[in-house]
Amino acid sequence: MKKLFYTKPFDYWIFVFTLMLVSLGIIMVFSASTPYAKMAFDNIYYFLNKQLIAAGIGLILMIGLSFIDYRLLKLIALLFIGLCFLLLIAVLIPGIGQIYNGARRWIDLGPGFQPSEFFKLALIIFLSYSISKNQEKVSTSIKWVLYHLTFLAIAAVLLLAEPHLSATIIISIITFLLLFIGGAKFHHLMICGFVGGAGLVGFAVLTDYTNDRLTIFLNPFKDPLDLGYQLIQSFYAIGAGGLLGRGLGKSVQKFLYMPEQHNDFIFSILAEELGFIGCLVVILLFFLLVYRGMRVSINTKDPFGKLLAGGISCLFFIQAILNIGVVTGALPTTGISLPFFSFGGTSLVVNMVEIGLLLSISRHAKRSVKKS
Amino acid sequence: MVNDQKKIKLYKERKRLLVIIVVFALCAILLLARIFYIQFIKGEEYQKLAYQQQTRNQKLTPARGAIYDRYGNDLAISIYVNTISISPTAMRANELSVDLLARGLDKILKIGKETIIEKINKESEYELLVRQVEKEIGDELQSWLSDNNIAGVTIEDDTKRYYPNDNLAAHIIGFTGIDNQGLIGIEYTMDEVLKGIPGKITSEIDKNGTLIPFSTDNQIAAYDGLDVVLTIDENIQYIVEKALDEAIFKNDVTRGATAIVMDPKTGEILAMVSKPDFDLNNPRECPDGFDSTSWTGYSTKDINLLNQTVWRNKALSDTYEPGSTFKAITASIALEENVILLSTMTDDYEIEVQGWDINCWRSYPHGEETFLEGIYNSCNPVFVKVSQLLGIDIFYEYVEMFGFYDKTKINLQGESNSLFQKDFGLEYQEIDLAVASFGQRFKITPIQIITAYSAIANDGKLLQPFIVKELLDSQGNIAKKFETITVRQVISSQTSQTMREVLKGVVSEGTGKNAYVPGYDVAGKTGTSETDEENVYTASFCGFAPAGNPVITVLVVLHDPQGDSYYGGVIAAPVVGQIIEETLEYLQVPRNLDEALIERDVLIPELIGYSIDQATDILDELQLQSILIGDNILEDVSVSYQYPLAKTIVKEESIVVLYSYLPEEKERVTMPNLLHKTIYEAKVTLNALGLNIDTKGLGTCIDQSVNKGEKIEKGSIITVTFRYTDNVE
C-alpha cells in the first residue's frame, strides 16, 4: 500500500494549468450558453450546473488518481481496450447508439457519452503498454509498427462507420505519435502514414459527407445560409473580438446566431468576448500544459509512463489545435470539441481523469535524469 | 556499454519529444496567426456584416413642421398615428397559435383575419400590417400585446397630415404622400425644411429578433421639421375664394378661374386661389365631371388628370393673353419715356399695320380723344400709336424690365414661362408690336401681371412675390425670416403716381367702373382676351386700392365665361371690387368718403305701444320716413305693428310702415321690374310703392332680390344690384 500511495509531489504546474483551463472553460460555458439555455430550458444556469457537477467529479477523480500508481493500468490495459472496442461496435447498433447531427456516436445511459471519448484513452493506455513492452522490436521492425497500427485500422473502420471522422483523425495522429515516441523508425512511420493518409483521403473523396465540408471550408460564403452558415457566424464572432474582446459575457453572436455556441464553437465566443489576448492565453495554457506533460514524459524513466505521459499530453493539444483550427476556418469543419471548454460532462470528467493519470506519472515515475 | 546505449536511446527519445513540442509550438503560432488575420485584417469586414445581422434600426420619425397663415392659424398640421408591422418568424415563435394571434390582431386593427394569417405565415422578417392608424388603436394593441406576452409586433410612431380648412388655399398648401413627403404646393417646395432630420435607434437583437438583455441602444435623435409661416392671410384667402366661387357660378365660368391678392409694398402674397380646387384631406378624389369608374387616384392616368385639372395652380401655371390689362403697362412705358402726354389729342379710328386693320373694341369708335380718355376707354388704336412712338426696342426692354420674360421665382412649383411671338422672327414684328401694345399675341402668367401691376402701384419698384414669410423652430422662435426682394426700379415714382391716378380714373370714369368701391379709390384695368379657340374668352381685371397709397393689388381671371357677358369689365371687375371692399374693410383701412354723401345706417327702434304721433316724431329724428296704415283720428291710437321690425338696420331715409291696428293681412304691393333702371330711378320706383332699397354696385340694374310681379309686404328691403354695362370692356 505504501507503494500505491506514494506521496512524492506531483507536477504542480500541470495541476495549475488544468485548473485554470477548467475554470475558464466553465465560465465560458456559462457565458456562451445563457441565451440558448434561457430559450430552450428557461434557465440560464442549466448548462453551468451540469458542467459544475462534472468538474467537481472530475476534480475528485483527478486528484484521487494522482495518488494511485499509474502502473496499475498495465493490468487493465487489455481489458479496457477490449471493452472499448465492444462499445464502438455497440454504438453502431440502432437502439443502442443514438443519432445526433447525422452520426451515430452516442450511447445514452443516464448521462450520454461517446464511446470514442473512452476509446482514445484506452488506445493510448494500450499502445503505451504494448509499445513499451515491445520497444526493441518496434524500433527495428516495420512488422511491429504494423502490428500496432492494426488496432488503429480496426478502430478507424468502426469510427468511420458512425461516421466520426474527427475521432479517427485524432486516434491516428496519437497512434503515430506514440510509435514515434516509442522509437519506431521514421521512414517506417512515413510509409505507413502515407498509406493510411491516402486511405483517409480516399474515404473523404468517396463520401459527400466530407466533400461538402471541403467546399465550404474553401469558401464558406458560397452558401452563407446553410452549409457555410456556421463558419461565417464563427468568423463574425472572432472578428468582433479585436484585441481585448467585447468583454466577458458580452458576446452578441452567442444570442442564437452561433450554432453550437457552448460546444464545438465555444472558442469563437471566447474570441469574441476576450479578444486576441484571450485566445493567446488559452493557446498558451494548452501549450504550457503539453510542455509540462512532455517534460514529465522526458523525465520518466519507465517507458510505459513515458509513452502514456506523452500520449495524454499530445491528445489534449491535438484536440485543441484541431478545434481551434476548425472554428477559425484553418481546417475543414468537423465536429471536434475543445478539451475543458466545450460543454459535456462525460468529456470533462474523462479529460480530468487523463490529467489525473498524467499527475500520477509525474508523482510516481522514477526520474530518468537527476537535476544537476 | 549498455549504459551508453541507454543514454543514446534516452537522448533519441528526448529529441523526439522535443521535436513534437517544437511542431506543436509551430501549430500554435500558425493558429494565432490565423486568429490575428480574422480579428485584425478581416475584422472590420466581419464586424460590419455581423453588425448588420445583429442589429435592428428603428427609425425615429421627426415631426413634420406645420404650415401657418401669417397670423399663425393652422393650415397644415401633423397628427400622431401608428404604423403596425410584424416579424413573421418572431410571431410564429409565440405560444399562441397563428389563428389566435390573427384573431386578436384583427379584433383591434380590423384588417381581416385571413390577410393577417397570410402575413404571419410568410417567410420574411418584416411584413407591414397597416399604416397610419389612430394612436388610440396603437395603444390598445400595445396593451393587448403586453397582456398576452406576444412578441414580434412593432408599433411605430408615425405622423399623418391634416388640413383643417379642407379646400382653402389647397394649391398653395399642397399635400403629402403616404411617406409624408410633400407632393405639391408648399408641402413640396418646403419639404426639406418641413420634414426635419430623421433619427434612429439601433438595438441589438438575437437571431429571433428579440432584444438582447442589457444591450445598449444607440440613439441618434431626430430633429423636428420647421414650421412654415406663409404670407397668406386665411381671412383674405376666404374672401377671395368666396368671391371667385360666386363669380364662377354667376357667369358660368367653365374653364376655371384664378385670383391673387398681393401686398404691392412688400411682394407678399396675401391670397392666391385657383379653381377648380380639391380637398387637401382627400386630394385624389376623382374631379367633378370625370368618369370615376376604375378611378384609383394613384394610376399614372389618374395622376395626369389630377395634375391637369384640380391640382393645377392656374395662378402660376396657366399662361394667357393679358389683353387690355396690359394697356396699363404700355401706358406706363409711354409716360415714363415721355413719348406722349395724357392731354395729347389722339383718336381711335381704324389703323392699319402691315395689312391688318386694328379697331377699337367698341363697335363704334370713341373718336377724337386725349390719351387719358383713350386709356379710360381702352381704345386699341391709341395704344398701337403709342407703341409705335416707343419703338420695338424700348417697348420690349420695358416688357422685360416689368418681369414678363422671367419667372417671378415665387417659392411654389409649377410656374410657367411666358411666350412671346417676338421670338419667332422679324417678319411680323411691326404687327406684333402693335397688338402687343394692347396685350395680344403673347402669353404671360397671372403672377407676372399682378407683379407688374404691383410695381406700378409701388413707386415703380418691381418686387419678387413671395409666399413664405418665416420659418419657426419647435420652440416657436423665428429660424429664418424672408425679406422683401426688390428686383429693380422699372418706372419712376413720378410715373407710378401718375399711373395710379390714371388707373383710378379708369375705374371711376372709364371701362373699369364695375370695380368701383365707395371710398376705397380702386385703380385698375379691365381685360378681355381671346384664346387660341374661337369664342373662348378670358375675362380679367387687375387693380389695386387705395390708389393714393395702395395696400393690396388684386387680379381676377375668369376662363371661358358662358354667362351673359364675357367682358372683364362686366364680370371680373365687380369681383375685384368685392374682394377689395371686403379685404380693406377686414384690414380696417378707412374709407375716404365725402361725409355729406355717406348714407348712414340706422337701427330701427321698437315703436309698438307708442302713439302714432310719438312714433312719427321718433322716426323723423332718425331721418326715417313713415307710412301709416289705418287712421289716426283718435289721438291716443298707438302703433300695433311695424315693418321693418325693430332692430333692423336700414339706410337713412328708409320707410317704416306703421299700423294702427293689428293687421290680419299685411299690406302688400306688386314688385316692379327694375332692370336697366339707374340707382335713382330704382329708388324712386320702390319708395313710391312703400318699399326700401339696398343697393349693390353702380350703373344700371342687372338684378333684383325679388322677382317682378311677386307680392311683397310694404316696407320690405329689396336688394338691387347695379352694374355698368356700357363702355366697360
# chains A, B, ... in the order shown; residues from 1 in each chain; ligands from 1

call {"tool": "interface_residues", "arguments": {"of": "chain B", "to": "chain A", "cutoff": "10 Å", "atoms": "only C-alpha atoms", "output": "PyMOL selection string"}}
result
chain B and resi 9-22+24-25+27-32+34-51+53-55+204-208+210-215

call {"tool": "write_last_selection", "arguments": {"atoms": "N, CA and C atoms", "output": "compact mmCIF listing (two decimals), in the first residue's frame"}}
result
# COMPACT_ATOMS: atom_id res chain seq x y z
N LYS B 9 19.76 6.00 -26.38
CA LYS B 9 18.32 5.81 -26.57
C LYS B 9 17.53 6.92 -25.88
N LEU B 10 17.97 7.23 -24.69
CA LEU B 10 17.32 8.29 -23.94
C LEU B 10 17.40 9.62 -24.68
N TYR B 11 18.59 9.84 -25.20
CA TYR B 11 18.81 11.09 -25.92
C TYR B 11 17.90 11.15 -27.13
N LYS B 12 17.78 9.98 -27.81
CA LYS B 12 16.96 9.91 -29.00
C LYS B 12 15.48 10.18 -28.66
N GLU B 13 15.04 9.55 -27.57
CA GLU B 13 13.64 9.75 -27.15
C GLU B 13 13.39 11.21 -26.81
N ARG B 14 14.32 11.76 -26.09
CA ARG B 14 14.21 13.14 -25.67
C ARG B 14 14.11 14.05 -26.89
N LYS B 15 14.96 13.73 -27.89
CA LYS B 15 14.97 14.54 -29.11
C LYS B 15 13.60 14.46 -29.79
N ARG B 16 13.06 13.25 -29.82
CA ARG B 16 11.77 13.08 -30.49
C ARG B 16 10.66 13.86 -29.78
N LEU B 17 10.68 13.82 -28.46
CA LEU B 17 9.68 14.57 -27.70
C LEU B 17 9.83 16.08 -27.93
N LEU B 18 11.10 16.50 -28.00
CA LEU B 18 11.34 17.92 -28.26
C LEU B 18 10.85 18.31 -29.65
N VAL B 19 11.07 17.41 -30.61
CA VAL B 19 10.57 17.68 -31.97
C VAL B 19 9.06 17.89 -31.92
N ILE B 20 8.37 17.02 -31.19
CA ILE B 20 6.91 17.16 -31.09
C ILE B 20 6.54 18.51 -30.49
N ILE B 21 7.23 18.90 -29.43
CA ILE B 21 6.92 20.18 -28.79
C ILE B 21 7.13 21.34 -29.77
N VAL B 22 8.24 21.24 -30.50
CA VAL B 22 8.52 22.31 -31.46
C VAL B 22 7.42 22.35 -32.54
N PHE B 24 4.38 21.35 -32.23
CA PHE B 24 3.18 21.89 -31.57
C PHE B 24 3.26 23.41 -31.44
N ALA B 25 4.43 23.88 -31.06
CA ALA B 25 4.60 25.33 -30.91
C ALA B 25 4.35 26.02 -32.24
N CYS B 27 2.44 24.92 -34.63
CA CYS B 27 0.98 24.87 -34.85
C CYS B 27 0.29 26.00 -34.09
N ALA B 28 0.70 26.17 -32.83
CA ALA B 28 0.10 27.22 -32.00
C ALA B 28 0.32 28.59 -32.63
N ILE B 29 1.53 28.80 -33.13
CA ILE B 29 1.83 30.10 -33.74
C ILE B 29 1.00 30.30 -35.01
N LEU B 30 0.87 29.23 -35.81
CA LEU B 30 0.05 29.33 -37.02
C LEU B 30 -1.41 29.66 -36.68
N LEU B 31 -1.92 29.01 -35.63
CA LEU B 31 -3.30 29.28 -35.24
C LEU B 31 -3.47 30.73 -34.78
N LEU B 32 -2.49 31.19 -34.00
CA LEU B 32 -2.57 32.59 -33.55
C LEU B 32 -2.51 33.54 -34.75
N ARG B 34 -3.63 32.86 -37.67
CA ARG B 34 -4.95 32.77 -38.29
C ARG B 34 -5.97 33.64 -37.53
N ILE B 35 -5.92 33.55 -36.22
CA ILE B 35 -6.83 34.37 -35.40
C ILE B 35 -6.54 35.86 -35.62
N PHE B 36 -5.25 36.15 -35.66
CA PHE B 36 -4.85 37.55 -35.91
C PHE B 36 -5.42 38.03 -37.24
N TYR B 37 -5.35 37.17 -38.24
CA TYR B 37 -5.87 37.51 -39.57
C TYR B 37 -7.36 37.82 -39.50
N ILE B 38 -8.10 36.96 -38.80
CA ILE B 38 -9.56 37.16 -38.71
C ILE B 38 -9.89 38.42 -37.92
N GLN B 39 -9.15 38.62 -36.83
CA GLN B 39 -9.54 39.73 -35.95
C GLN B 39 -9.04 41.09 -36.42
N PHE B 40 -7.87 41.10 -37.05
CA PHE B 40 -7.32 42.42 -37.35
C PHE B 40 -7.32 42.76 -38.83
N ILE B 41 -7.26 41.75 -39.68
CA ILE B 41 -7.22 42.07 -41.11
C ILE B 41 -8.62 41.99 -41.71
N LYS B 42 -9.35 40.92 -41.36
CA LYS B 42 -10.72 40.80 -41.85
C LYS B 42 -11.73 41.32 -40.82
N GLY B 43 -11.23 41.73 -39.68
CA GLY B 43 -12.09 42.08 -38.55
C GLY B 43 -13.15 43.10 -38.90
N GLU B 44 -12.71 44.18 -39.55
CA GLU B 44 -13.66 45.26 -39.83
C GLU B 44 -14.80 44.78 -40.72
N GLU B 45 -14.41 44.00 -41.74
CA GLU B 45 -15.40 43.48 -42.67
C GLU B 45 -16.40 42.57 -41.96
N TYR B 46 -15.87 41.66 -41.14
CA TYR B 46 -16.74 40.74 -40.43
C TYR B 46 -17.61 41.48 -39.42
N GLN B 47 -17.00 42.48 -38.78
CA GLN B 47 -17.78 43.23 -37.78
C GLN B 47 -18.95 43.93 -38.44
N LYS B 48 -18.69 44.47 -39.62
CA LYS B 48 -19.75 45.18 -40.33
C LYS B 48 -20.89 44.22 -40.67
N LEU B 49 -20.52 43.08 -41.20
CA LEU B 49 -21.52 42.08 -41.57
C LEU B 49 -22.27 41.57 -40.33
N ALA B 50 -21.49 41.36 -39.25
CA ALA B 50 -22.12 40.87 -38.03
C ALA B 50 -23.08 41.91 -37.49
N TYR B 51 -22.66 43.18 -37.55
CA TYR B 51 -23.49 44.28 -37.04
C TYR B 51 -24.83 44.33 -37.77
N GLN B 53 -26.45 41.86 -39.09
CA GLN B 53 -27.40 40.82 -38.70
C GLN B 53 -27.80 40.94 -37.24
N GLN B 54 -26.96 41.62 -36.45
CA GLN B 54 -27.22 41.65 -35.00
C GLN B 54 -28.04 42.86 -34.57
N THR B 55 -28.29 43.77 -35.48
CA THR B 55 -28.97 44.98 -35.05
C THR B 55 -30.21 45.24 -35.88
N GLU B 204 -29.67 45.99 -30.41
CA GLU B 204 -29.09 44.68 -30.66
C GLU B 204 -30.17 43.62 -30.45
N ILE B 205 -30.25 42.71 -31.40
CA ILE B 205 -31.28 41.68 -31.33
C ILE B 205 -30.65 40.30 -31.47
N ASP B 206 -31.35 39.30 -30.96
CA ASP B 206 -30.85 37.94 -31.17
C ASP B 206 -31.38 37.43 -32.51
N LYS B 207 -31.08 36.18 -32.81
CA LYS B 207 -31.41 35.67 -34.14
C LYS B 207 -32.91 35.68 -34.39
N ASN B 208 -33.71 35.60 -33.32
CA ASN B 208 -35.16 35.58 -33.49
C ASN B 208 -35.77 36.97 -33.48
N THR B 210 -35.50 39.19 -31.03
CA THR B 210 -35.81 39.70 -29.70
C THR B 210 -34.63 40.55 -29.21
N LEU B 211 -34.96 41.58 -28.46
CA LEU B 211 -33.91 42.46 -27.95
C LEU B 211 -32.96 41.68 -27.03
N ILE B 212 -31.69 41.97 -27.13
CA ILE B 212 -30.71 41.32 -26.28
C ILE B 212 -30.73 42.00 -24.90
N PRO B 213 -30.77 41.21 -23.82
CA PRO B 213 -30.82 41.84 -22.50
C PRO B 213 -29.54 42.64 -22.21
N PHE B 214 -29.70 43.72 -21.50
CA PHE B 214 -28.61 44.61 -21.08
C PHE B 214 -27.87 45.27 -22.24
N SER B 215 -28.37 45.13 -23.45
CA SER B 215 -27.68 45.77 -24.56
C SER B 215 -27.99 47.26 -24.53

call {"tool": "select_by_dssp", "arguments": {"residues": "region 171-272 of chain A", "states": "alpha helix (DSSP H)", "output": "ChimeraX atom specification"}}
result
/A:171-181,186-206,208-218,229-241,266-272

call {"tool": "closest_atom_pairs", "arguments": {"of": "region 534-608 of chain B", "to": "region 275-278 of chain B", "cutoff": "12 Å", "atoms": "only C-alpha atoms", "output": "CSV"}}
result
residue,atom,partner,partner_atom,distance
B:Val556,CA,B:Lys275,CA,11.3
B:Val557,CA,B:Lys275,CA,10.3
B:Leu558,CA,B:Lys275,CA,9.4
B:His559,CA,B:Lys275,CA,9.9

call {"tool": "closest_residue", "arguments": {"among": "A:Leu65, A:Pro339, A:Pro224, A:Gln51", "to": "Ser362 (chain A)", "atoms": "only C-alpha atoms"}}
result
A:Leu65

call {"tool": "residues_around", "arguments": {"residues": "Asn411 (chain B)", "least_positions_apart": "6", "cutoff": "7 Å", "atoms": "only C-alpha atoms", "output": "list in words"}}
result
Thr189, Phe466 and Ile467 of chain B

call {"tool": "write_last_selection", "arguments": {"atoms": "all heavy atoms", "output": "PDB file, in the first residue's frame"}}
result
ATOM      1  N   THR B 189     -42.434  72.344 -52.057  1.00  0.00           N
ATOM      2  CA  THR B 189     -41.287  73.252 -52.216  1.00  0.00           C
ATOM      3  C   THR B 189     -40.525  73.434 -50.908  1.00  0.00           C
ATOM      4  O   THR B 189     -39.331  73.674 -50.919  1.00  0.00           O
ATOM      5  CB  THR B 189     -41.717  74.638 -52.744  1.00  0.00           C
ATOM      6  OG1 THR B 189     -42.724  75.162 -51.890  1.00  0.00           O
ATOM      7  CG2 THR B 189     -42.250  74.546 -54.147  1.00  0.00           C
ATOM      8  N   PHE B 466     -43.477  86.768 -52.916  1.00  0.00           N
ATOM      9  CA  PHE B 466     -43.113  85.607 -52.082  1.00  0.00           C
ATOM     10  C   PHE B 466     -44.265  85.181 -51.195  1.00  0.00           C
ATOM     11  O   PHE B 466     -45.194  85.933 -50.935  1.00  0.00           O
ATOM     12  CB  PHE B 466     -41.837  85.858 -51.281  1.00  0.00           C
ATOM     13  CG  PHE B 466     -41.927  86.931 -50.228  1.00  0.00           C
ATOM     14  CD1 PHE B 466     -41.969  86.583 -48.881  1.00  0.00           C
ATOM     15  CD2 PHE B 466     -41.939  88.277 -50.564  1.00  0.00           C
ATOM     16  CE1 PHE B 466     -42.033  87.559 -47.886  1.00  0.00           C
ATOM     17  CE2 PHE B 466     -41.995  89.256 -49.586  1.00  0.00           C
ATOM     18  CZ  PHE B 466     -42.044  88.897 -48.248  1.00  0.00           C
ATOM     19  N   ILE B 467     -44.199  83.954 -50.773  1.00  0.00           N
ATOM     20  CA  ILE B 467     -45.335  83.343 -50.086  1.00  0.00           C
ATOM     21  C   ILE B 467     -44.934  82.744 -48.751  1.00  0.00           C
ATOM     22  O   ILE B 467     -45.776  82.441 -47.919  1.00  0.00           O
ATOM     23  CB  ILE B 467     -45.992  82.291 -51.025  1.00  0.00           C
ATOM     24  CG1 ILE B 467     -47.399  81.964 -50.557  1.00  0.00           C
ATOM     25  CG2 ILE B 467     -45.135  81.030 -51.148  1.00  0.00           C
ATOM     26  CD1 ILE B 467     -48.325  81.639 -51.672  1.00  0.00           C
TER      27      ILE B 467
END

call {"tool": "atom_distance", "arguments": {"atom1": "CA of Gly247 (chain A)", "atom2": "CA of Met28 (chain A)"}}
result
11.7 Å

call {"tool": "residues_around", "arguments": {"residues": "region 55-59 of chain A", "least_positions_apart": "3", "cutoff": "12 Å", "atoms": "only C-alpha atoms", "output": "PyMOL selection string"}}
result
chain A and resi 15+18-19+21-27+29+48-52+62-66+340-341+343-356

call {"tool": "residues_around", "arguments": {"residues": "Tyr680 (chain B)", "least_positions_apart": "5", "cutoff": "12 Å", "atoms": "only C-alpha atoms", "output": "NGL selection string"}}
result
:B and (674 or 685-687 or 693-695 or 698-701 or 720 or 722)

call {"tool": "atom_distance", "arguments": {"atom1": "CA of Gln230 (chain A)", "atom2": "CA of Asp212 (chain A)"}}
result
13.3 Å

call {"tool": "residues_around", "arguments": {"residues": "Ile712 (chain B)", "least_positions_apart": "6", "cutoff": "8 Å", "atoms": "only C-alpha atoms", "output": "PyMOL selection string"}}
result
chain B and resi 668-671

call {"tool": "atom_distance", "arguments": {"atom1": "CA of Ala646 (chain B)", "atom2": "CA of Ile629 (chain B)"}}
result
17.3 Å

call {"tool": "residues_around", "arguments": {"residues": "Leu389 (chain B)", "least_positions_apart": "2", "cutoff": "9 Å", "atoms": "only C-alpha atoms", "output": "PyMOL selection string"}}
result
chain B and resi 334+339-340+384-387+391
